[in-house]
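**Q** Before I ask anything, here is the structure I am working with.
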Amino acid sequence: MDGQDVQTAFTTLGAVFSGVAALAAVMVARWQTMFGRRLALESMSTQAAAERRLRLETERCAAWRAFLRTSEAFADAVWRLKELDPLSRGDELRTKSEALTEACSGLRVLGPDAVVRHAEALRDRCWRMERYAVRRAVVRSALEALERRWCPGNAERCEERCEGSDAHSCAWLAYEMLEGWGDRDDDDRPDDLGFLEYLVRESGVLAVAGAPAEGGVQTEDDLRRLLVVARNPVSWRLLSAEDRWFRPRTSYEEGRSAFVSSVRAFLDETGGATTGF
């Protein structure tokens with residue numbers, strides 16, 4: 001091989017190396033572009049996932065707070081039901097109950113299961129209170145009206161009881177009879193019901209026809225409702241006694257605390273903010 005051939009070979013070899021280098025540069029550039037795009041896509045995906053998690057946490061917290069407010073509004077309506085006009089009690093309780101059911105059903109979509117279970121348990125406790133709330137309002141209103149008529153001021157220091165006016169005596173007897181209504185014999189209850197009606201009428205707690213309405217005064221409709229409830233005295237002590245009624249209220253508070261605790265445990269586990277719970 002002469003000198004010219006050697007030079008030609010080196011020239012060709014140089015061209016080959018130059019081509020390989022150019023190709024390598026192109027491949028590196030493409031790889032860098034693809035890698036950059038992948039990093040950008042991964043970054044965007046991570047950011048989108050973080051935004052979705054934040055949005056879901058925000059929606060959950062808003063739904064949980066709304067459920068708590070709704071359950072508290074329902075419980076407050078139950079406790080204060082006897083203070084409302086008798087004709088509006090059923091509608092008031094039904095409105096609050098429907099709102100509570102709607103608020104609870106919305107939680108199932110958002111999860112998590114542990115929180116949903118405690119929310120449904122709290123809702124069920126509220127439903128159990130609802131079963132007795134209207135009847136209890138009827139009975140407690142009558143008892144309080146009789147107690148005021150029996151001894152206005154301080155019932156514990158009343159010394160008259162069956163002495164004094166007939167109305168005063170009838171109010172006291174009606175109160176005692178009504179409070180222990182659930183313990184009466186079923187066979188005697190029809191006759192006792194007539195006597196109870198007589199005592200209430202003679203006690204002076206019924207509003208006089210045409211007279212302006214006064215607080216704590218019963219009406220003919222109130223008496224009618226009372227007699228309807230008394231015909232089926234299921235769980236009477238729960239309807240008449242304050243100490244028995246505090247049991248479902250205590251159960252409500254326990255259920256509410258369990259729900260809040262489940263929310264806090266979930267937020268602690270996921271690193272969410274527990275403000276407001």
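By convention in this document, the chains of the structure tokens carry letters A, B, ... by their order, each chain's residues are numbered from 1, and ligands are numbered from 1 in the order they are shown.
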Neighbouring residues of Glu254 (chain A) were defined as those with any atom within 12 Å, considering only C-alpha atoms; residues of the same chain fewer than 6 positions away were excluded. Please report them as a VMD selection string.
**A** chain A and resid 118 to 119 121 to 122 125 to 126 247 to 248 260 to 261
**Q** Once you have the residues from the selection above, write them out as a PDB file, in the first residue's frame, restricted to all heavy atoms.
**A**
ATOM      1  N   HIS A 118     -68.349   4.948  61.192  1.00  0.00           N
ATOM      2  CA  HIS A 118     -68.682   5.716  62.398  1.00  0.00           C
ATOM      3  C   HIS A 118     -69.767   6.755  62.102  1.00  0.00           C
ATOM      4  O   HIS A 118     -70.608   7.042  62.968  1.00  0.00           O
ATOM      5  CB  HIS A 118     -67.428   6.403  62.947  1.00  0.00           C
ATOM      6  CG  HIS A 118     -66.523   5.474  63.691  1.00  0.00           C
ATOM      7  ND1 HIS A 118     -65.475   4.822  63.084  1.00  0.00           N
ATOM      8  CD2 HIS A 118     -66.522   5.068  64.980  1.00  0.00           C
ATOM      9  CE1 HIS A 118     -64.858   4.066  63.979  1.00  0.00           C
ATOM     10  NE2 HIS A 118     -65.475   4.197  65.133  1.00  0.00           N
ATOM     11  N   ALA A 119     -69.748   7.311  60.900  1.00  0.00           N
ATOM     12  CA  ALA A 119     -70.803   8.265  60.531  1.00  0.00           C
ATOM     13  C   ALA A 119     -72.161   7.563  60.480  1.00  0.00           C
ATOM     14  O   ALA A 119     -73.166   8.083  60.970  1.00  0.00           O
ATOM     15  CB  ALA A 119     -70.485   8.903  59.177  1.00  0.00           C
ATOM     16  N   ALA A 121     -72.977   4.870  62.075  1.00  0.00           N
ATOM     17  CA  ALA A 121     -73.358   4.504  63.449  1.00  0.00           C
ATOM     18  C   ALA A 121     -73.977   5.702  64.162  1.00  0.00           C
ATOM     19  O   ALA A 121     -74.968   5.559  64.891  1.00  0.00           O
ATOM     20  CB  ALA A 121     -72.131   4.004  64.209  1.00  0.00           C
ATOM     21  N   LEU A 122     -73.428   6.891  63.959  1.00  0.00           N
ATOM     22  CA  LEU A 122     -73.990   8.099  64.570  1.00  0.00           C
ATOM     23  C   LEU A 122     -75.374   8.395  63.995  1.00  0.00           C
ATOM     24  O   LEU A 122     -76.294   8.766  64.729  1.00  0.00           O
ATOM     25  CB  LEU A 122     -73.053   9.282  64.347  1.00  0.00           C
ATOM     26  CG  LEU A 122     -73.501  10.623  64.940  1.00  0.00           C
ATOM     27  CD1 LEU A 122     -73.708  10.517  66.447  1.00  0.00           C
ATOM     28  CD2 LEU A 122     -72.481  11.717  64.621  1.00  0.00           C
ATOM     29  N   ARG A 125     -77.875   6.113  65.617  1.00  0.00           N
ATOM     30  CA  ARG A 125     -78.227   6.562  66.966  1.00  0.00           C
ATOM     31  C   ARG A 125     -79.259   7.674  66.905  1.00  0.00           C
ATOM     32  O   ARG A 125     -80.196   7.738  67.706  1.00  0.00           O
ATOM     33  CB  ARG A 125     -76.980   7.037  67.715  1.00  0.00           C
ATOM     34  CG  ARG A 125     -76.012   5.921  68.076  1.00  0.00           C
ATOM     35  CD  ARG A 125     -74.762   6.485  68.741  1.00  0.00           C
ATOM     36  NE  ARG A 125     -73.754   5.460  68.963  1.00  0.00           N
ATOM     37  CZ  ARG A 125     -73.681   4.692  70.028  1.00  0.00           C
ATOM     38  NH1 ARG A 125     -74.581   4.836  70.987  1.00  0.00           N
ATOM     39  NH2 ARG A 125     -72.744   3.784  70.162  1.00  0.00           N
ATOM     40  N   CYS A 126     -79.103   8.574  65.937  1.00  0.00           N
ATOM     41  CA  CYS A 126     -80.071   9.657  65.774  1.00  0.00           C
ATOM     42  C   CYS A 126     -81.436   9.103  65.375  1.00  0.00           C
ATOM     43  O   CYS A 126     -82.474   9.578  65.852  1.00  0.00           O
ATOM     44  CB  CYS A 126     -79.573  10.645  64.720  1.00  0.00           C
ATOM     45  SG  CYS A 126     -78.145  11.634  65.238  1.00  0.00           S
ATOM     46  N   ARG A 247     -80.025   8.835  78.446  1.00  0.00           N
ATOM     47  CA  ARG A 247     -79.274   7.689  77.923  1.00  0.00           C
ATOM     48  C   ARG A 247     -79.045   7.783  76.416  1.00  0.00           C
ATOM     49  O   ARG A 247     -77.910   7.651  75.959  1.00  0.00           O
ATOM     50  CB  ARG A 247     -79.981   6.387  78.294  1.00  0.00           C
ATOM     51  CG  ARG A 247     -79.988   6.115  79.795  1.00  0.00           C
ATOM     52  CD  ARG A 247     -80.693   4.812  80.118  1.00  0.00           C
ATOM     53  NE  ARG A 247     -80.773   4.608  81.565  1.00  0.00           N
ATOM     54  CZ  ARG A 247     -81.353   3.562  82.138  1.00  0.00           C
ATOM     55  NH1 ARG A 247     -81.921   2.632  81.385  1.00  0.00           N
ATOM     56  NH2 ARG A 247     -81.386   3.453  83.449  1.00  0.00           N
ATOM     57  N   PRO A 248     -80.104   8.000  75.608  1.00  0.00           N
ATOM     58  CA  PRO A 248     -79.835   8.175  74.179  1.00  0.00           C
ATOM     59  C   PRO A 248     -79.025   9.426  73.885  1.00  0.00           C
ATOM     60  O   PRO A 248     -78.262   9.462  72.924  1.00  0.00           O
ATOM     61  CB  PRO A 248     -81.233   8.252  73.554  1.00  0.00           C
ATOM     62  CG  PRO A 248     -82.161   8.573  74.671  1.00  0.00           C
ATOM     63  CD  PRO A 248     -81.549   7.963  75.889  1.00  0.00           C
ATOM     64  N   VAL A 260     -65.582  11.721  65.339  1.00  0.00           N
ATOM     65  CA  VAL A 260     -64.502  12.716  65.311  1.00  0.00           C
ATOM     66  C   VAL A 260     -63.148  12.034  65.485  1.00  0.00           C
ATOM     67  O   VAL A 260     -62.166  12.381  64.799  1.00  0.00           O
ATOM     68  CB  VAL A 260     -64.726  13.777  66.403  1.00  0.00           C
ATOM     69  CG1 VAL A 260     -63.514  14.703  66.510  1.00  0.00           C
ATOM     70  CG2 VAL A 260     -65.975  14.601  66.099  1.00  0.00           C
ATOM     71  N   SER A 261     -63.064  11.058  66.374  1.00  0.00           N
ATOM     72  CA  SER A 261     -61.798  10.335  66.596  1.00  0.00           C
ATOM     73  C   SER A 261     -61.360   9.594  65.340  1.00  0.00           C
ATOM     74  O   SER A 261     -60.166   9.555  65.016  1.00  0.00           O
ATOM     75  CB  SER A 261     -61.944   9.350  67.757  1.00  0.00           C
ATOM     76  OG  SER A 261     -62.188  10.035  68.973  1.00  0.00           O
TER      77      SER A 261
END
**Q** Give me the residues within 6 Å of Val217 (chain A) as an NGL selection string, counting only C-alpha atoms and dropping any in the same chain fewer than 5 places off.
**A** :A and (205-207)
**Q** Let's have the selection written as a JSON list (two decimals), in the first residue's frame, with N, CA, C and O atoms.
**A**
[["chain", "number", "residue", "atom", "x", "y", "z"],
["A", 205, "VAL", "N", -105.18, 22.74, 83.60],
["A", 205, "VAL", "CA", -104.07, 22.99, 82.67],
["A", 205, "VAL", "C", -104.55, 23.26, 81.26],
["A", 205, "VAL", "O", -103.78, 23.75, 80.42],
["A", 206, "LEU", "N", -105.82, 22.95, 80.97],
["A", 206, "LEU", "CA", -106.33, 23.17, 79.62],
["A", 206, "LEU", "C", -106.73, 24.63, 79.44],
["A", 206, "LEU", "O", -107.33, 25.24, 80.32],
["A", 207, "ALA", "N", -106.39, 25.16, 78.28],
["A", 207, "ALA", "CA", -106.73, 26.55, 77.99],
["A", 207, "ALA", "C", -108.24, 26.72, 77.88],
["A", 207, "ALA", "O", -108.94, 25.86, 77.35]]
**Q** With 7 Å as the cut-off and only C-alpha atoms counted, what is the closest atom pair between each nearby residue of region 212-268 of chain A and region 101-117 of chain A? Distances in Å to one decimal, ordered by chain and number, as JSON lines.
**A**
{"residue": "A:Phe259", "atom": "CA", "partner": "A:Val115", "partner_atom": "CA", "distance": 6.5}
{"residue": "A:Ser262", "atom": "CA", "partner": "A:Val115", "partner_atom": "CA", "distance": 5.5}
{"residue": "A:Val263", "atom": "CA", "partner": "A:Val115", "partner_atom": "CA", "distance": 6.0}
**Q** Restrict the selected residues to N, CA and C atoms and save them as a PDB file, in the first residue's frame.
**A**
ATOM      1  N   PHE A 259     -66.930   9.283  65.916  1.00  0.00           N
ATOM      2  CA  PHE A 259     -66.787   9.768  64.544  1.00  0.00           C
ATOM      3  C   PHE A 259     -65.633  10.754  64.427  1.00  0.00           C
ATOM      4  N   SER A 262     -62.308   9.002  64.616  1.00  0.00           N
ATOM      5  CA  SER A 262     -61.953   8.288  63.388  1.00  0.00           C
ATOM      6  C   SER A 262     -61.438   9.251  62.324  1.00  0.00           C
ATOM      7  N   VAL A 263     -62.013  10.446  62.267  1.00  0.00           N
ATOM      8  CA  VAL A 263     -61.539  11.465  61.317  1.00  0.00           C
ATOM      9  C   VAL A 263     -60.112  11.892  61.670  1.00  0.00           C
TER      10      VAL A 263
END
**Q** If you take only C-alpha atoms and a cut-off of 12 Å, which residues of region 36-115 of chain A touch region 222-239 of chain A, and what are their nearest atom pairs and distances in Å to one decimal, in chain and number order, as JSON lines?
**A**
{"residue": "A:Lys82", "atom": "CA", "partner": "A:Asp222", "partner_atom": "CA", "distance": 11.4}
{"residue": "A:Asp85", "atom": "CA", "partner": "A:Asp222", "partner_atom": "CA", "distance": 10.3}
{"residue": "A:Pro86", "atom": "CA", "partner": "A:Asp222", "partner_atom": "CA", "distance": 7.7}
{"residue": "A:Leu87", "atom": "CA", "partner": "A:Asp222", "partner_atom": "CA", "distance": 9.9}
**Q** Could you please determine the separation between CA of Arg140 (chain A) and CA of Arg189 (chain A) in Å, to one decimal place?
**A**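 About the pair CA of Arg140 (chain A) and CA of Arg189 (chain A): they are 19.6 Å apart.
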**Q** Pick out the closest residue to Ala241 (chain A) from this set: A:Leu193, A:Ala265, A:Leu143, A:Ala258. Count only C-alpha atoms.
**A** A:Leu143
**Q** What does the distance between CA of Glu220 (chain A) and CA of Gly180 (chain A) come to in Å, to one decimal place?
**A**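 If I compute the distance from CA of Glu220 (chain A) to CA of Gly180 (chain A), I get 22.3 Å.
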**Q** Can you work out the spacing between CA of Thr250 (chain A) and CA of Ala133 (chain A) in Å, to one decimal?
**A**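 Atom-to-atom, CA of Thr250 (chain A) and CA of Ala133 (chain A) are spaced 15.1 Å apart.
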**Q** Just the helix (DSSP H, G or I) stuff from region 71-195 of chain A, please, per backbone DSSP, written as an MDAnalysis selection string.
**A** chainID A and resid 71:79 81:83 86:110 113:150 155:157 166:179 181:183 189:195
**Q** Could the residues in this selection be written to a file with C-alpha atoms, as an mmCIF file, in the first residue's frame?
**A**
data_model
loop_
_atom_site.group_PDB
_atom_site.id
_atom_site.type_symbol
_atom_site.label_atom_id
_atom_site.label_comp_id
_atom_site.auth_asym_id
_atom_site.auth_seq_id
_atom_site.Cartn_x
_atom_site.Cartn_y
_atom_site.Cartn_z
ATOM 1 C CA SER A 71 -76.184 15.733 63.217
ATOM 2 C CA GLU A 72 -75.890 18.443 65.883
ATOM 3 C CA ALA A 73 -78.831 20.322 64.366
ATOM 4 C CA PHE A 74 -80.866 17.112 64.442
ATOM 5 C CA ALA A 75 -79.935 16.364 68.065
ATOM 6 C CA ASP A 76 -80.731 19.949 69.081
ATOM 7 C CA ALA A 77 -84.153 19.657 67.426
ATOM 8 C CA VAL A 78 -84.808 16.438 69.356
ATOM 9 C CA TRP A 79 -83.868 17.990 72.715
ATOM 10 C CA LEU A 81 -88.932 19.474 70.368
ATOM 11 C CA LYS A 82 -91.379 19.966 73.232
ATOM 12 C CA GLU A 83 -90.743 23.726 73.051
ATOM 13 C CA PRO A 86 -97.151 20.676 68.382
ATOM 14 C CA LEU A 87 -98.291 21.014 64.775
ATOM 15 C CA SER A 88 -94.755 21.734 63.579
ATOM 16 C CA ARG A 89 -92.898 19.063 65.576
ATOM 17 C CA GLY A 90 -93.227 16.293 63.022
ATOM 18 C CA ASP A 91 -92.215 18.496 60.086
ATOM 19 C CA GLU A 92 -89.267 19.958 61.978
ATOM 20 C CA LEU A 93 -87.928 16.549 62.908
ATOM 21 C CA ARG A 94 -88.538 15.139 59.430
ATOM 22 C CA THR A 95 -86.655 18.023 57.806
ATOM 23 C CA LYS A 96 -83.671 17.553 60.106
ATOM 24 C CA SER A 97 -83.732 13.776 59.613
ATOM 25 C CA GLU A 98 -83.769 14.052 55.813
ATOM 26 C CA ALA A 99 -80.848 16.486 55.904
ATOM 27 C CA LEU A 100 -78.905 14.097 58.135
ATOM 28 C CA THR A 101 -79.562 11.143 55.813
ATOM 29 C CA GLU A 102 -78.431 13.171 52.793
ATOM 30 C CA ALA A 103 -75.258 14.346 54.540
ATOM 31 C CA CYS A 104 -74.391 10.797 55.573
ATOM 32 C CA SER A 105 -75.008 9.305 52.121
ATOM 33 C CA GLY A 106 -72.562 11.781 50.588
ATOM 34 C CA LEU A 107 -69.762 10.434 52.776
ATOM 35 C CA ARG A 108 -69.910 6.961 51.233
ATOM 36 C CA VAL A 109 -68.531 8.273 47.929
ATOM 37 C CA LEU A 110 -65.609 10.066 49.577
ATOM 38 C CA ASP A 113 -64.537 3.101 55.137
ATOM 39 C CA ALA A 114 -63.570 3.565 58.813
ATOM 40 C CA VAL A 115 -64.936 7.108 58.905
ATOM 41 C CA VAL A 116 -68.053 6.135 56.969
ATOM 42 C CA ARG A 117 -68.805 3.329 59.439
ATOM 43 C CA HIS A 118 -68.682 5.716 62.398
ATOM 44 C CA ALA A 119 -70.803 8.265 60.531
ATOM 45 C CA GLU A 120 -73.454 5.636 59.823
ATOM 46 C CA ALA A 121 -73.358 4.504 63.449
ATOM 47 C CA LEU A 122 -73.990 8.099 64.570
ATOM 48 C CA ARG A 123 -76.826 8.426 62.075
ATOM 49 C CA ASP A 124 -78.380 5.205 63.408
ATOM 50 C CA ARG A 125 -78.227 6.562 66.966
ATOM 51 C CA CYS A 126 -80.071 9.657 65.774
ATOM 52 C CA TRP A 127 -82.717 7.503 64.115
ATOM 53 C CA ARG A 128 -83.295 5.668 67.384
ATOM 54 C CA MET A 129 -83.855 9.004 69.143
ATOM 55 C CA GLU A 130 -86.246 10.049 66.399
ATOM 56 C CA ARG A 131 -88.492 7.057 67.126
ATOM 57 C CA TYR A 132 -89.436 8.501 70.527
ATOM 58 C CA ALA A 133 -88.936 12.226 70.083
ATOM 59 C CA VAL A 134 -92.438 13.361 69.078
ATOM 60 C CA ARG A 135 -94.230 11.145 71.606
ATOM 61 C CA ARG A 136 -91.824 12.239 74.320
ATOM 62 C CA ALA A 137 -92.505 15.892 73.508
ATOM 63 C CA VAL A 138 -96.236 15.241 74.011
ATOM 64 C CA VAL A 139 -95.742 13.478 77.356
ATOM 65 C CA ARG A 140 -93.102 15.840 78.757
ATOM 66 C CA SER A 141 -95.165 18.911 77.823
ATOM 67 C CA ALA A 142 -98.148 17.510 79.710
ATOM 68 C CA LEU A 143 -96.052 16.580 82.752
ATOM 69 C CA GLU A 144 -94.461 20.013 82.947
ATOM 70 C CA ALA A 145 -97.829 21.741 82.573
ATOM 71 C CA LEU A 146 -99.288 19.597 85.360
ATOM 72 C CA GLU A 147 -96.290 20.233 87.597
ATOM 73 C CA ARG A 148 -96.645 23.998 87.153
ATOM 74 C CA ARG A 149 -100.338 23.767 87.950
ATOM 75 C CA TRP A 150 -99.719 21.413 90.847
ATOM 76 C CA ALA A 155 -92.626 21.593 93.540
ATOM 77 C CA GLU A 156 -90.193 20.152 96.094
ATOM 78 C CA ARG A 157 -91.423 22.532 98.814
ATOM 79 C CA ASP A 166 -109.642 20.481 93.631
ATOM 80 C CA ALA A 167 -107.683 21.620 90.573
ATOM 81 C CA HIS A 168 -104.453 21.510 92.548
ATOM 82 C CA SER A 169 -105.202 17.980 93.769
ATOM 83 C CA CYS A 170 -106.177 16.764 90.318
ATOM 84 C CA ALA A 171 -102.994 18.184 88.815
ATOM 85 C CA TRP A 172 -100.881 16.316 91.335
ATOM 86 C CA LEU A 173 -102.801 13.039 90.874
ATOM 87 C CA ALA A 174 -102.658 13.351 87.075
ATOM 88 C CA TYR A 175 -98.911 13.991 87.266
ATOM 89 C CA GLU A 176 -98.308 10.920 89.451
ATOM 90 C CA MET A 177 -100.567 8.774 87.295
ATOM 91 C CA LEU A 178 -98.972 9.920 84.036
ATOM 92 C CA GLU A 179 -95.406 9.510 85.240
ATOM 93 C CA TRP A 181 -98.315 5.084 83.298
ATOM 94 C CA GLY A 182 -96.032 2.412 81.871
ATOM 95 C CA ASP A 183 -96.261 0.344 85.072
ATOM 96 C CA ARG A 189 -105.456 0.817 81.381
ATOM 97 C CA PRO A 190 -108.698 1.524 79.400
ATOM 98 C CA ASP A 191 -110.528 2.550 82.586
ATOM 99 C CA ASP A 192 -107.448 4.381 83.852
ATOM 100 C CA LEU A 193 -107.288 6.295 80.585
ATOM 101 C CA GLY A 194 -110.729 7.750 81.218
ATOM 102 C CA PHE A 195 -109.747 8.714 84.755
#
**Q** When you count only C-alpha atoms, which of these residues is closest to Gly204 (chain A): A:Arg249, A:Arg80, A:Thr219, A:Asp243?
**A** A:Thr219
